[in-house]
file work.txt (compact mmCIF, C-alpha atoms and all ligand atoms)
# COMPACT_ATOMS: atom_id res chain seq x y z
CA MET A 1 232.37 80.46 98.43
CA SER A 2 233.10 77.93 101.19
CA ILE A 3 231.37 74.58 101.28
CA ALA A 4 229.95 73.47 104.62
CA PRO A 5 231.22 70.15 106.04
CA PRO A 6 229.09 67.02 105.56
CA VAL A 7 226.26 66.61 108.02
CA THR A 8 224.88 63.34 109.39
CA LEU A 9 221.19 62.66 109.58
CA PRO A 10 219.67 62.53 113.08
CA SER A 11 218.03 59.13 113.70
CA SER A 12 214.53 60.59 113.72
CA PRO A 13 213.88 64.05 112.30
CA SER A 14 211.72 65.99 114.74
CA PRO A 15 209.00 67.92 112.92
CA SER A 16 207.90 70.82 115.10
CA PRO A 17 205.53 73.53 113.93
CA SER A 18 207.15 76.74 112.73
CA SER A 19 206.65 79.97 114.68
CA SER A 20 204.47 81.33 111.86
CA GLU A 21 202.10 78.37 112.31
CA THR A 22 201.76 78.86 116.06
CA SER A 23 201.28 82.63 115.75
CA GLN A 24 197.81 83.86 116.68
CA VAL A 25 197.99 86.86 114.34
CA LEU A 26 199.61 85.59 111.15
CA ALA A 27 197.11 83.97 108.77
CA HIS A 28 197.67 80.24 108.38
CA ASN A 29 197.68 79.98 104.60
CA TYR A 30 201.08 78.19 104.53
CA HIS A 31 202.58 75.11 106.20
CA PRO A 32 206.28 76.05 106.18
CA LEU A 33 209.15 73.81 107.24
CA PRO A 34 210.32 74.49 110.82
CA VAL A 35 213.22 76.81 110.02
CA THR A 36 213.59 80.58 110.48
CA LEU A 37 216.07 82.23 108.13
CA VAL A 38 218.02 85.39 108.79
CA ASP A 39 220.60 85.59 106.02
CA GLY A 40 221.26 84.45 102.47
CA LEU A 41 224.11 84.64 99.97
CA GLY A 42 224.38 82.78 96.67
CA SER A 43 223.08 79.22 97.11
CA TRP A 44 223.27 79.36 100.93
CA VAL A 45 220.94 80.58 103.68
CA THR A 46 221.53 80.74 107.45
CA ASP A 47 218.93 80.24 110.20
CA VAL A 48 218.53 81.98 113.58
CA GLU A 49 220.79 79.40 115.21
CA GLY A 50 223.58 79.88 112.68
CA ARG A 51 222.96 76.63 110.77
CA ARG A 52 223.60 76.85 107.02
CA TYR A 53 221.49 75.29 104.30
CA LEU A 54 221.75 74.93 100.54
CA ASP A 55 218.59 76.47 99.08
CA LEU A 56 217.23 74.07 96.48
CA LEU A 57 213.83 75.76 96.29
CA SER A 58 215.10 79.19 95.23
CA GLY A 59 211.83 80.89 96.17
CA TYR A 60 209.95 78.71 93.65
CA SER A 61 212.42 80.02 91.00
CA ALA A 62 212.16 83.66 92.08
CA LEU A 63 215.80 83.30 93.18
CA ASN A 64 217.24 81.96 89.90
CA PHE A 65 220.37 84.05 90.48
CA GLY A 66 220.70 83.01 94.13
CA HIS A 67 220.42 85.20 97.18
CA ARG A 68 221.72 88.78 96.96
CA HIS A 69 223.37 88.47 93.56
CA PRO A 70 225.91 91.36 93.55
CA SER A 71 224.74 93.00 90.33
CA LEU A 72 221.06 92.81 91.33
CA VAL A 73 221.69 94.17 94.81
CA ALA A 74 223.87 96.95 93.38
CA ALA A 75 221.16 97.92 90.86
CA ALA A 76 218.55 98.03 93.64
CA HIS A 77 220.76 100.07 96.01
CA ALA A 78 221.65 102.60 93.31
CA GLN A 79 218.01 103.04 92.32
CA ILE A 80 216.76 103.39 95.90
CA ASP A 81 219.05 106.41 96.21
CA ARG A 82 217.67 107.98 93.02
CA LEU A 83 213.94 107.40 92.34
CA THR A 84 211.68 104.57 93.52
CA LEU A 85 208.12 105.30 92.39
CA THR A 86 206.42 107.59 89.93
CA SER A 87 203.19 105.72 89.08
CA ARG A 88 202.41 105.46 85.39
CA ALA A 89 200.95 108.97 85.49
CA PHE A 90 204.52 110.06 84.65
CA ASP A 91 207.31 108.38 82.73
CA HIS A 92 210.67 107.65 84.30
CA ASP A 93 214.01 107.14 82.65
CA LEU A 94 214.16 103.33 83.02
CA LEU A 95 210.68 102.39 81.81
CA VAL A 96 211.41 102.28 78.07
CA PRO A 97 214.96 100.89 78.54
CA PHE A 98 213.50 98.02 80.61
CA ALA A 99 210.77 97.30 78.05
CA GLU A 100 213.30 97.39 75.20
CA ALA A 101 215.79 95.16 77.01
CA LEU A 102 213.10 92.58 77.84
CA ALA A 103 211.76 92.73 74.29
CA GLY A 104 215.34 92.22 73.08
CA LEU A 105 215.73 89.08 75.22
CA VAL A 106 212.30 87.49 74.80
CA GLY A 107 210.99 89.14 71.61
CA PRO A 108 212.85 86.78 69.24
CA LEU A 109 211.23 83.85 71.09
CA VAL A 110 207.61 85.00 70.60
CA ALA A 111 205.49 85.27 67.46
CA GLY A 112 205.25 88.67 65.74
CA SER A 113 206.77 91.97 66.78
CA PRO A 114 207.03 92.13 70.57
CA MET A 115 205.44 94.50 73.05
CA VAL A 116 206.00 94.49 76.85
CA LEU A 117 203.41 95.23 79.53
CA PRO A 118 204.94 95.42 83.03
CA MET A 119 203.02 94.31 86.13
CA ASN A 120 204.09 93.12 89.60
CA THR A 121 203.07 89.60 90.58
CA GLY A 122 202.72 86.51 88.44
CA ALA A 123 198.97 86.29 88.95
CA GLU A 124 198.64 89.86 87.68
CA ALA A 125 200.59 88.99 84.54
CA VAL A 126 198.25 86.03 83.93
CA GLU A 127 195.19 88.24 84.53
CA THR A 128 196.65 90.77 82.10
CA ALA A 129 197.15 88.09 79.43
CA ILE A 130 193.57 86.84 79.94
CA LYS A 131 192.17 90.38 79.62
CA ALA A 132 194.24 91.14 76.51
CA ALA A 133 193.21 87.83 74.89
CA ARG A 134 189.51 88.43 75.56
CA LYS A 135 189.62 92.02 74.26
CA TRP A 136 191.56 90.86 71.17
CA GLY A 137 188.92 88.14 70.69
CA TYR A 138 186.06 90.65 70.67
CA GLU A 139 187.73 93.49 68.79
CA VAL A 140 189.94 91.65 66.30
CA LYS A 141 188.80 88.04 65.98
CA GLY A 142 185.11 89.02 66.10
CA VAL A 143 183.87 86.71 68.87
CA PRO A 144 180.39 87.88 70.05
CA ASP A 145 180.73 90.02 73.20
CA GLY A 146 180.73 88.04 76.45
CA ARG A 147 181.21 84.65 74.76
CA ALA A 148 185.03 84.29 74.69
CA THR A 149 186.49 81.06 76.00
CA ILE A 150 190.04 80.16 76.98
CA VAL A 151 191.25 76.56 77.00
CA VAL A 152 193.45 75.55 79.96
CA ALA A 153 194.98 72.29 81.18
CA ASP A 154 194.18 70.23 84.25
CA GLY A 155 196.85 70.28 86.94
CA ASN A 156 197.53 73.92 86.04
CA PHE A 157 198.92 76.53 88.39
CA HIS A 158 198.55 80.13 87.24
CA GLY A 159 198.12 81.99 90.56
CA ARG A 160 195.58 82.72 93.26
CA THR A 161 193.12 85.38 92.10
CA THR A 162 189.40 84.56 92.00
CA THR A 163 189.41 84.30 88.19
CA ILE A 164 192.52 82.12 88.11
CA VAL A 165 191.33 79.71 90.84
CA SER A 166 188.06 79.43 88.90
CA PHE A 167 189.85 77.15 86.42
CA SER A 168 192.15 75.39 88.89
CA THR A 169 191.67 71.63 89.23
CA ASP A 170 193.24 71.63 92.71
CA GLU A 171 190.28 71.36 95.11
CA ASP A 172 192.16 73.08 97.96
CA ALA A 173 192.95 76.04 95.72
CA ARG A 174 189.39 76.32 94.36
CA ARG A 175 186.78 75.12 96.88
CA HIS A 176 184.61 77.78 98.57
CA PHE A 177 186.03 80.64 96.53
CA GLY A 178 183.10 80.76 94.10
CA PRO A 179 181.08 82.01 92.35
CA TYR A 180 183.64 81.26 89.68
CA THR A 181 184.55 83.27 86.59
CA PRO A 182 183.06 81.56 83.51
CA GLY A 183 184.76 81.27 80.12
CA PHE A 184 187.35 78.56 80.75
CA VAL A 185 187.44 75.02 79.38
CA VAL A 186 189.71 72.51 81.12
CA VAL A 187 191.30 69.67 79.10
CA PRO A 188 193.85 66.98 80.08
CA TYR A 189 197.45 68.23 80.04
CA GLY A 190 199.68 66.73 77.35
CA ASP A 191 196.79 65.61 75.13
CA ALA A 192 196.76 67.70 71.94
CA GLU A 193 193.71 65.90 70.55
CA ALA A 194 191.59 66.73 73.60
CA LEU A 195 192.75 70.32 73.25
CA ALA A 196 191.84 70.41 69.55
CA ALA A 197 188.37 69.07 70.37
CA ALA A 198 187.82 71.86 72.92
CA VAL A 199 188.58 74.67 70.45
CA ASP A 200 185.60 76.28 68.71
CA GLU A 201 184.71 79.67 67.18
CA THR A 202 184.45 81.26 70.66
CA THR A 203 188.00 80.23 71.65
CA VAL A 204 190.32 83.21 71.96
CA ALA A 205 193.32 81.55 73.63
CA VAL A 206 195.00 78.45 74.97
CA LEU A 207 196.72 79.19 78.28
CA ILE A 208 199.32 76.62 79.21
CA GLU A 209 202.49 76.01 81.22
CA PRO A 210 205.10 74.51 78.82
CA ILE A 211 206.22 72.49 81.87
CA GLN A 212 203.91 72.27 84.92
CA GLY A 213 206.11 73.35 87.84
CA GLU A 214 203.68 73.33 90.74
CA GLN A 215 202.29 69.98 89.59
CA GLY A 216 205.79 68.49 90.09
CA VAL A 217 207.83 69.52 87.03
CA VAL A 218 205.57 67.65 84.61
CA VAL A 219 207.14 67.67 81.14
CA PRO A 220 204.64 67.02 78.32
CA PRO A 221 205.29 64.56 75.45
CA PRO A 222 207.71 66.03 72.84
CA SER A 223 205.04 66.47 70.17
CA TYR A 224 202.62 68.30 72.49
CA LEU A 225 203.66 71.95 72.41
CA PRO A 226 204.38 71.99 68.64
CA ALA A 227 200.94 70.42 68.06
CA VAL A 228 199.29 73.03 70.29
CA ARG A 229 201.13 75.76 68.39
CA SER A 230 199.92 74.53 64.99
CA LEU A 231 196.35 74.09 66.05
CA CYS A 232 196.29 77.57 67.62
CA THR A 233 197.67 79.04 64.39
CA ALA A 234 195.16 77.14 62.25
CA ALA A 235 192.19 78.21 64.41
CA ASP A 236 193.31 81.85 64.92
CA VAL A 237 193.62 81.22 68.67
CA LEU A 238 196.33 82.84 70.81
CA LEU A 239 198.91 80.58 72.44
CA ILE A 240 199.68 82.02 75.89
CA CYS A 241 202.61 80.32 77.62
CA ASP A 242 202.82 80.89 81.36
CA GLU A 243 206.59 80.93 81.89
CA ILE A 244 206.47 82.56 85.32
CA GLN A 245 208.25 79.56 86.86
CA SER A 246 209.71 77.84 83.77
CA GLY A 247 211.15 80.95 82.13
CA LEU A 248 214.32 83.02 82.52
CA GLY A 249 216.90 80.25 82.43
CA ARG A 250 215.37 77.57 84.63
CA THR A 251 215.24 74.96 81.83
CA GLY A 252 218.69 75.79 80.44
CA THR A 253 217.05 78.03 77.83
CA THR A 254 215.63 81.55 78.16
CA LEU A 255 212.08 80.18 77.80
CA ALA A 256 210.95 76.57 78.27
CA SER A 257 208.95 76.82 75.02
CA GLU A 258 212.31 77.11 73.20
CA LEU A 259 212.97 73.46 74.09
CA TRP A 260 210.40 72.55 71.43
CA GLY A 261 211.08 75.46 69.07
CA VAL A 262 207.64 76.93 69.80
CA ARG A 263 206.93 80.67 69.68
CA PRO A 264 203.93 81.65 71.82
CA ASP A 265 201.79 84.71 71.00
CA LEU A 266 201.98 85.91 74.59
CA VAL A 267 204.33 84.92 77.41
CA THR A 268 203.83 85.68 81.10
CA LEU A 269 207.00 86.22 83.12
CA GLY A 270 207.41 86.86 86.85
CA LYS A 271 209.30 85.32 89.76
CA ALA A 272 212.98 85.53 88.60
CA LEU A 273 212.26 88.77 86.71
CA GLY A 274 212.41 90.49 90.11
CA GLY A 275 215.81 88.93 90.86
CA GLY A 276 214.64 87.77 94.29
CA VAL A 277 214.60 91.44 95.31
CA LEU A 278 211.02 92.54 94.65
CA PRO A 279 207.98 91.38 92.66
CA VAL A 280 208.31 92.16 88.95
CA SER A 281 206.18 90.55 86.25
CA ALA A 282 205.39 91.23 82.61
CA VAL A 283 203.47 90.04 79.61
CA VAL A 284 205.59 89.93 76.47
CA GLY A 285 204.09 89.19 73.10
CA ARG A 286 202.49 90.21 69.84
CA SER A 287 202.05 93.98 69.63
CA ASP A 288 198.79 93.53 67.66
CA VAL A 289 197.38 91.66 70.67
CA LEU A 290 198.75 93.70 73.61
CA GLY A 291 198.00 96.78 71.50
CA VAL A 292 194.26 96.35 72.17
CA LEU A 293 194.92 97.60 75.70
CA THR A 294 194.64 101.38 75.42
CA ALA A 295 194.87 104.14 78.03
CA GLY A 296 192.40 103.56 80.84
CA THR A 297 191.57 99.93 79.95
CA HIS A 298 194.21 98.30 82.17
CA GLY A 299 196.87 99.40 84.63
CA SER A 300 198.73 99.05 87.89
CA THR A 301 199.99 101.61 90.41
CA PHE A 302 203.28 99.80 90.88
CA GLY A 303 203.72 98.08 87.49
CA GLY A 304 206.94 99.22 85.80
CA ASN A 305 208.08 101.31 88.78
CA PRO A 306 211.67 102.62 88.72
CA LEU A 307 212.99 100.15 91.30
CA ALA A 308 211.36 97.22 89.48
CA CYS A 309 212.77 98.42 86.15
CA ALA A 310 216.28 98.84 87.60
CA VAL A 311 216.28 95.29 88.97
CA GLY A 312 214.49 93.88 85.90
CA LEU A 313 217.09 95.49 83.63
CA ALA A 314 219.88 93.91 85.68
CA VAL A 315 218.11 90.52 85.45
CA VAL A 316 217.86 90.82 81.66
CA GLY A 317 221.53 91.82 81.65
CA LEU A 318 222.46 88.59 83.46
CA LEU A 319 220.62 86.52 80.83
CA SER A 320 221.59 88.49 77.74
CA ASP A 321 224.71 86.59 76.61
CA GLY A 322 223.17 83.15 77.20
CA SER A 323 225.95 81.90 79.48
CA VAL A 324 223.71 81.47 82.56
CA GLN A 325 221.32 79.38 80.46
CA ALA A 326 224.17 77.30 78.98
CA THR A 327 225.69 76.65 82.41
CA ALA A 328 222.29 75.62 83.77
CA ALA A 329 221.83 73.22 80.86
CA ALA A 330 225.27 71.65 81.34
CA LEU A 331 224.94 71.36 85.13
CA GLY A 332 221.44 69.96 84.66
CA THR A 333 222.63 67.16 82.38
CA ARG A 334 225.27 66.13 84.91
CA TRP A 335 222.79 66.37 87.80
CA GLY A 336 220.22 64.37 85.85
CA GLN A 337 222.63 61.43 85.62
CA ARG A 338 222.99 61.37 89.41
CA LEU A 339 219.22 61.67 89.94
CA ASP A 340 218.65 58.81 87.48
CA THR A 341 221.03 56.69 89.57
CA LEU A 342 218.86 57.36 92.64
CA VAL A 343 215.94 55.99 90.63
CA SER A 344 217.83 52.89 89.47
CA ASP A 345 218.98 52.30 93.08
CA GLY A 346 215.30 52.28 94.10
CA LEU A 347 215.63 55.36 96.35
CA LEU A 348 213.27 57.37 94.14
CA ALA A 349 210.26 56.15 92.16
CA SER A 350 210.81 58.57 89.29
CA VAL A 351 212.43 61.83 88.28
CA ARG A 352 211.32 64.41 85.72
CA ARG A 353 213.85 67.07 84.78
CA ALA A 354 214.49 70.01 82.51
CA GLY A 355 217.65 72.09 82.97
CA LEU A 356 218.16 72.80 86.67
CA TRP A 357 214.62 71.82 87.57
CA ALA A 358 213.53 68.42 88.83
CA GLY A 359 210.40 66.76 90.19
CA LEU A 360 211.20 63.74 92.37
CA ASP A 361 208.63 61.11 93.32
CA VAL A 362 209.28 59.34 96.61
CA PRO A 363 208.48 55.59 96.42
CA ASP A 364 205.05 54.63 97.78
CA GLY A 365 204.99 53.79 101.47
CA ARG A 366 208.62 54.79 102.18
CA MET A 367 207.94 58.38 103.19
CA THR A 368 205.91 61.37 102.07
CA GLY A 369 207.30 64.37 100.21
CA ARG A 370 206.95 66.32 103.44
CA ASP A 371 208.96 63.67 105.34
CA LEU A 372 211.72 63.90 102.76
CA CYS A 373 211.78 67.71 103.03
CA GLU A 374 212.08 67.43 106.82
CA ARG A 375 214.96 64.96 106.44
CA LEU A 376 216.59 67.28 103.91
CA LEU A 377 216.23 70.16 106.35
CA ALA A 378 218.02 68.06 108.98
CA VAL A 379 221.00 67.52 106.62
CA GLY A 380 221.17 71.14 105.51
CA VAL A 381 219.13 71.32 102.32
CA LEU A 382 215.94 73.33 101.77
CA ALA A 383 213.25 71.97 99.47
CA LYS A 384 209.45 71.88 99.44
CA ASP A 385 207.00 69.12 98.71
CA THR A 386 204.14 69.47 96.28
CA HIS A 387 201.17 67.09 95.96
CA GLY A 388 201.87 64.31 98.50
CA SER A 389 204.77 62.19 97.33
CA THR A 390 206.51 64.70 95.04
CA ILE A 391 209.19 67.28 95.76
CA ARG A 392 210.37 69.89 93.34
CA LEU A 393 214.02 70.97 93.26
CA ALA A 394 215.10 74.22 91.64
CA PRO A 395 218.68 75.10 92.63
CA PRO A 396 219.88 78.64 91.90
CA LEU A 397 221.16 78.76 88.32
CA THR A 398 224.35 80.23 89.79
CA ILE A 399 225.03 77.15 91.95
CA THR A 400 228.52 75.67 91.52
CA ALA A 401 229.09 72.05 90.46
CA ASP A 402 230.59 71.36 93.93
CA GLU A 403 227.59 72.80 95.72
CA LEU A 404 225.20 70.82 93.54
CA ASP A 405 227.20 67.63 94.22
CA LEU A 406 227.08 68.33 97.95
CA ALA A 407 223.31 68.92 97.80
CA THR A 408 222.85 65.66 95.88
CA ASP A 409 225.03 63.74 98.39
CA ARG A 410 222.78 65.08 101.13
CA LEU A 411 219.67 64.13 99.16
CA GLU A 412 220.99 60.58 98.87
CA LEU A 413 221.71 60.54 102.61
CA ALA A 414 218.18 61.75 103.37
CA LEU A 415 216.68 59.07 101.12
CA ARG A 416 218.67 56.17 102.63
C1 LIG A 501 204.09 81.30 90.82
C2 LIG A 501 203.32 81.17 89.57
C3 LIG A 501 202.27 82.06 89.26
C4 LIG A 501 201.79 83.11 90.23
O1 LIG A 501 202.78 84.03 90.58
P1 LIG A 501 202.58 84.97 91.88
O2 LIG A 501 203.72 85.94 91.79
O3 LIG A 501 202.67 84.07 93.08
O4 LIG A 501 201.25 85.60 91.74
C5 LIG A 501 201.64 81.91 88.05
N1 LIG A 501 202.01 80.96 87.18
C6 LIG A 501 203.00 80.08 87.44
C7 LIG A 501 203.36 79.05 86.42
C8 LIG A 501 203.68 80.14 88.65
O5 LIG A 501 204.63 79.25 88.94

call {"tool": "encode", "arguments": {"input": "work.txt", "output": "structure tokens"}}
result
Amino acid sequence: MSIAPPVTLPSSPSPSPSSSETSQVLAHNYHPLPVTLVDGLGSWVTDVEGRRYLDLLSGYSALNFGHRHPSLVAAAHAQIDRLTLTSRAFDHDLLVPFAEALAGLVGPLVAGSPMVLPMNTGAEAVETAIKAARKWGYEVKGVPDGRATIVVADGNFHGRTTTIVSFSTDEDARRHFGPYTPGFVVVPYGDAEALAAAVDETTVAVLIEPIQGEQGVVVPPPSYLPAVRSLCTAADVLLICDEIQSGLGRTGTTLASELWGVRPDLVTLGKALGGGVLPVSAVVGRSDVLGVLTAGTHGSTFGGNPLACAVGLAVVGLLSDGSVQATAAALGTRWGQRLDTLVSDGLLASVRRAGLWAGLDVPDGRMTGRDLCERLLAVGVLAKDTHGSTIRLAPPLTITADELDLATDRLELALR
């Protein structure tokens, strides 16, 4: 793939509103960067004026394999010409193969014998895990009906449904969407003692991101996840890891929880599971837990549809020999050294990183995260700010070393 020539930064980036923000009919629930894309291939996207950009957001990790990965596009095309939707009223020929392939990839990384429950969006996978944990709590653990609690961490991001925003600590995400769903206890992230203190006989699960992506790629202290695992085991509480953003290769491992050798009871997957083609999510975990969901107790019209299974199977295929993960880990180490140099040169306040995933903090007073994203846009790199002075970078796992170097050169240019 060709590499675009270096670009110089205009003296003052001109932030203009995007067409979606000025539209009278499109709801204004996003503040996108002023760019309108028409085309994408690999790590590159092209806008309406023919300008090319390196995509370092990757659809919040939904595009882990880049834009239009040939094997994912081929799987989708072939399936569109065969069978696209059956509903779960009938089986189709890819449903069990998809479940078995995903169980083959992720099963060895979770506790117990694995079961797979396919859904569509990430929030639905989280809702599914919450429902399964509560039902398991009542029917297996013996928690009195209606009393189950789930412990979550502050700074969490698990999606946008009314139940999920009920335990968000982000005021914008939560305010004026009540009344809120009860049954959640929020504790500080990274503090295993606070978590232990919040667990009692009504606790059915701990729901946690092994690394908090939306919060700015916040990596907990090394002892945290293992400590959470042991206290969950000791208290007969389910450990649910939300790996919707951290999973499927992003951290240089199949799951982020592998970084600490921790096996969750349930894992939620989404984003990259759909290969950037369509929404595909799943809960993978202990069959004695997911097994409490019987016919009629939970479902989805589109969950596990033939097109989703075809693409999901191809995604699992791309991750099955571990080479994508290993390449991401190696590229990430190299990239991390360059990012650390930007910190020691004073261009960045701090960097947190795992695999090909980084949270960058812009120094106080220099510029905001949004300013940096606008400057990056001007030099041909797409990224998105999160929480004021932080931007999160998540290059496609298929990015080449040359492309990543070029993107980092441009980042340095934008910071200077
Ligand atoms: C994106 C995300 C979700 C929600 O996924 P949607 O597909 O947007 O519903 C949940 N959890 C985490 C960790 C995420 O990053």

call {"tool": "closest_atom_pairs", "arguments": {"input": "work.txt", "of": "chain A", "to": "ligand LIG 501 (chain A)", "cutoff": "10 Å", "atoms": "all atoms listed in the file", "output": "tab-separated table"}}
result
residue	atom	partner	partner_atom	distance
A:Gly59	CA	A:LIG501	C1	9.4
A:Tyr60	CA	A:LIG501	C1	7.0
A:Ser61	CA	A:LIG501	O5	8.1
A:Ala62	CA	A:LIG501	C1	8.5
A:Asn120	CA	A:LIG501	O2	7.5
A:Thr121	CA	A:LIG501	O2	3.9
A:Gly122	CA	A:LIG501	O1	3.3
A:Ala123	CA	A:LIG501	O4	3.7
A:Glu124	CA	A:LIG501	O4	6.4
A:Ala125	CA	A:LIG501	C5	8.0
A:Val126	CA	A:LIG501	C5	6.7
A:Glu127	CA	A:LIG501	C5	9.7
A:Asn156	CA	A:LIG501	C7	7.8
A:Phe157	CA	A:LIG501	C7	5.5
A:His158	CA	A:LIG501	N1	3.6
A:Gly159	CA	A:LIG501	C4	3.9
A:Arg160	CA	A:LIG501	O4	6.5
A:Thr161	CA	A:LIG501	O4	8.1
A:Ile164	CA	A:LIG501	C5	9.1
A:Ile208	CA	A:LIG501	C7	8.6
A:Glu209	CA	A:LIG501	C7	6.1
A:Pro210	CA	A:LIG501	C7	9.0
A:Ile211	CA	A:LIG501	C7	8.5
A:Gln212	CA	A:LIG501	C7	7.0
A:Gly213	CA	A:LIG501	O5	6.2
A:Glu214	CA	A:LIG501	O5	6.3
A:Gln215	CA	A:LIG501	O5	9.6
A:Cys241	CA	A:LIG501	C7	8.9
A:Asp242	CA	A:LIG501	C7	5.4
A:Glu243	CA	A:LIG501	C7	5.9
A:Ile244	CA	A:LIG501	C6	4.8
A:Gln245	CA	A:LIG501	O5	4.2
A:Ser246	CA	A:LIG501	C7	7.0
A:Gly247	CA	A:LIG501	C7	9.1
A:Thr268	CA	A:LIG501	N1	7.9
A:Leu269	CA	A:LIG501	N1	8.3
A:Gly270	CA	A:LIG501	O2	6.2
A:Lys271	CA	A:LIG501	O2	6.0
A:Ala272	CA	A:LIG501	O2	9.8
A:Gly274	CA	A:LIG501	O2	10.0
A:Pro279	CA	A:LIG501	O2	7.0
A:Val280	CA	A:LIG501	O2	8.2
A:Ser281	CA	A:LIG501	O2	7.6

call {"tool": "closest_residue", "arguments": {"input": "work.txt", "among": "A:Ser113, A:Thr46, A:Thr84, A:Asn64", "to": "A:Leu290", "atoms": "all atoms listed in the file"}}
result
A:Ser113

call {"tool": "atom_distance", "arguments": {"input": "work.txt", "atom1": "atom CA of A:Leu117", "atom2": "atom CA of A:Phe167"}}
result
23.6 Å

call {"tool": "closest_residue", "arguments": {"input": "work.txt", "among": "A:Ala234, A:Gln325, A:Pro144, A:Thr163", "to": "A:Gly249", "atoms": "only C-alpha atoms"}}
result
A:Gln325

call {"tool": "residues_around", "arguments": {"input": "work.txt", "residues": "stretch 179-192 of chain A", "least_positions_apart": "4", "cutoff": "8 Å", "atoms": "all atoms listed in the file", "output": "list in words"}}
result
Arg147, Ala148, Thr149, Ile150, Val151, Val152, Ala153, Asp154, Gly155, Thr162, Thr163, Val165, Ser166, Phe167, Ala196, Ala198, Pro220, Pro221, Tyr224, Ala227 and Val228 of chain A

call {"tool": "write_last_selection", "arguments": {"input": "work.txt", "atoms": "C-alpha atoms", "output": "PDB file, in the coordinates of the input"}}
result
ATOM      1  CA  ARG A 147     181.210  84.650  74.760  1.00  0.00           C
ATOM      2  CA  ALA A 148     185.030  84.290  74.690  1.00  0.00           C
ATOM      3  CA  THR A 149     186.490  81.060  76.000  1.00  0.00           C
ATOM      4  CA  ILE A 150     190.040  80.160  76.980  1.00  0.00           C
ATOM      5  CA  VAL A 151     191.250  76.560  77.000  1.00  0.00           C
ATOM      6  CA  VAL A 152     193.450  75.550  79.960  1.00  0.00           C
ATOM      7  CA  ALA A 153     194.980  72.290  81.180  1.00  0.00           C
ATOM      8  CA  ASP A 154     194.180  70.230  84.250  1.00  0.00           C
ATOM      9  CA  GLY A 155     196.850  70.280  86.940  1.00  0.00           C
ATOM     10  CA  THR A 162     189.400  84.560  92.000  1.00  0.00           C
ATOM     11  CA  THR A 163     189.410  84.300  88.190  1.00  0.00           C
ATOM     12  CA  VAL A 165     191.330  79.710  90.840  1.00  0.00           C
ATOM     13  CA  SER A 166     188.060  79.430  88.900  1.00  0.00           C
ATOM     14  CA  PHE A 167     189.850  77.150  86.420  1.00  0.00           C
ATOM     15  CA  ALA A 196     191.840  70.410  69.550  1.00  0.00           C
ATOM     16  CA  ALA A 198     187.820  71.860  72.920  1.00  0.00           C
ATOM     17  CA  PRO A 220     204.640  67.020  78.320  1.00  0.00           C
ATOM     18  CA  PRO A 221     205.290  64.560  75.450  1.00  0.00           C
ATOM     19  CA  TYR A 224     202.620  68.300  72.490  1.00  0.00           C
ATOM     20  CA  ALA A 227     200.940  70.420  68.060  1.00  0.00           C
ATOM     21  CA  VAL A 228     199.290  73.030  70.290  1.00  0.00           C
TER      22      VAL A 228
END

call {"tool": "closest_residue", "arguments": {"input": "work.txt", "among": "A:Gly332, A:Pro395, A:Gly276, A:Pro222", "to": "A:Val262", "atoms": "all atoms listed in the file"}}
result
A:Pro222

call {"tool": "atom_distance", "arguments": {"input": "work.txt", "atom1": "atom CA of A:Ile240", "atom2": "atom CA of A:Ala358"}}
result
23.3 Å

call {"tool": "residues_around", "arguments": {"input": "work.txt", "residues": "A:Val362", "least_positions_apart": "4", "cutoff": "9 Å", "atoms": "all atoms listed in the file", "output": "MDAnalysis selection string"}}
result
chainID A and resid 347:350 366:369 372 389:391 415

call {"tool": "closest_residue", "arguments": {"input": "work.txt", "among": "A:Pro97, A:Pro363, A:Pro118, A:Pro226", "to": "A:Phe302", "atoms": "only C-alpha atoms"}}
result
A:Pro118

call {"tool": "closest_residue", "arguments": {"input": "work.txt", "among": "A:Leu57, A:Thr251, A:Leu404, A:Arg82", "to": "A:Leu94", "atoms": "all atoms listed in the file"}}
result
A:Arg82

call {"tool": "atom_distance", "arguments": {"input": "work.txt", "atom1": "atom CA of A:Ala101", "atom2": "atom CA of A:Gly317"}}
result
8.1 Å

call {"tool": "closest_residue", "arguments": {"input": "work.txt", "among": "A:Pro306, A:Arg51, A:Ala378, A:Gly346", "to": "A:Gln79", "atoms": "all atoms listed in the file"}}
result
A:Pro306

call {"tool": "residues_around", "arguments": {"input": "work.txt", "residues": "A:Gly380", "least_positions_apart": "3", "cutoff": "9 Å", "atoms": "all atoms listed in the file", "output": "NGL selection string"}}
result
:A and (6-7 or 51-55 or 375-377 or 407 or 410)

call {"tool": "residues_around", "arguments": {"input": "work.txt", "residues": "A:Pro396", "least_positions_apart": "5", "cutoff": "6 Å", "atoms": "all atoms listed in the file", "output": "PyMOL selection string"}}
result
chain A and resi 58+64-66

call {"tool": "axis_aligned_box", "arguments": {"input": "work.txt", "around": "stretch 63-79 of chain A", "padding_each_side": "6 Å", "output": "AutoDock Vina command-line options"}}
result
--center_x 220.9 --center_y 92.5 --center_z 93.5 --size_x 22.1 --size_y 33.1 --size_z 19.3
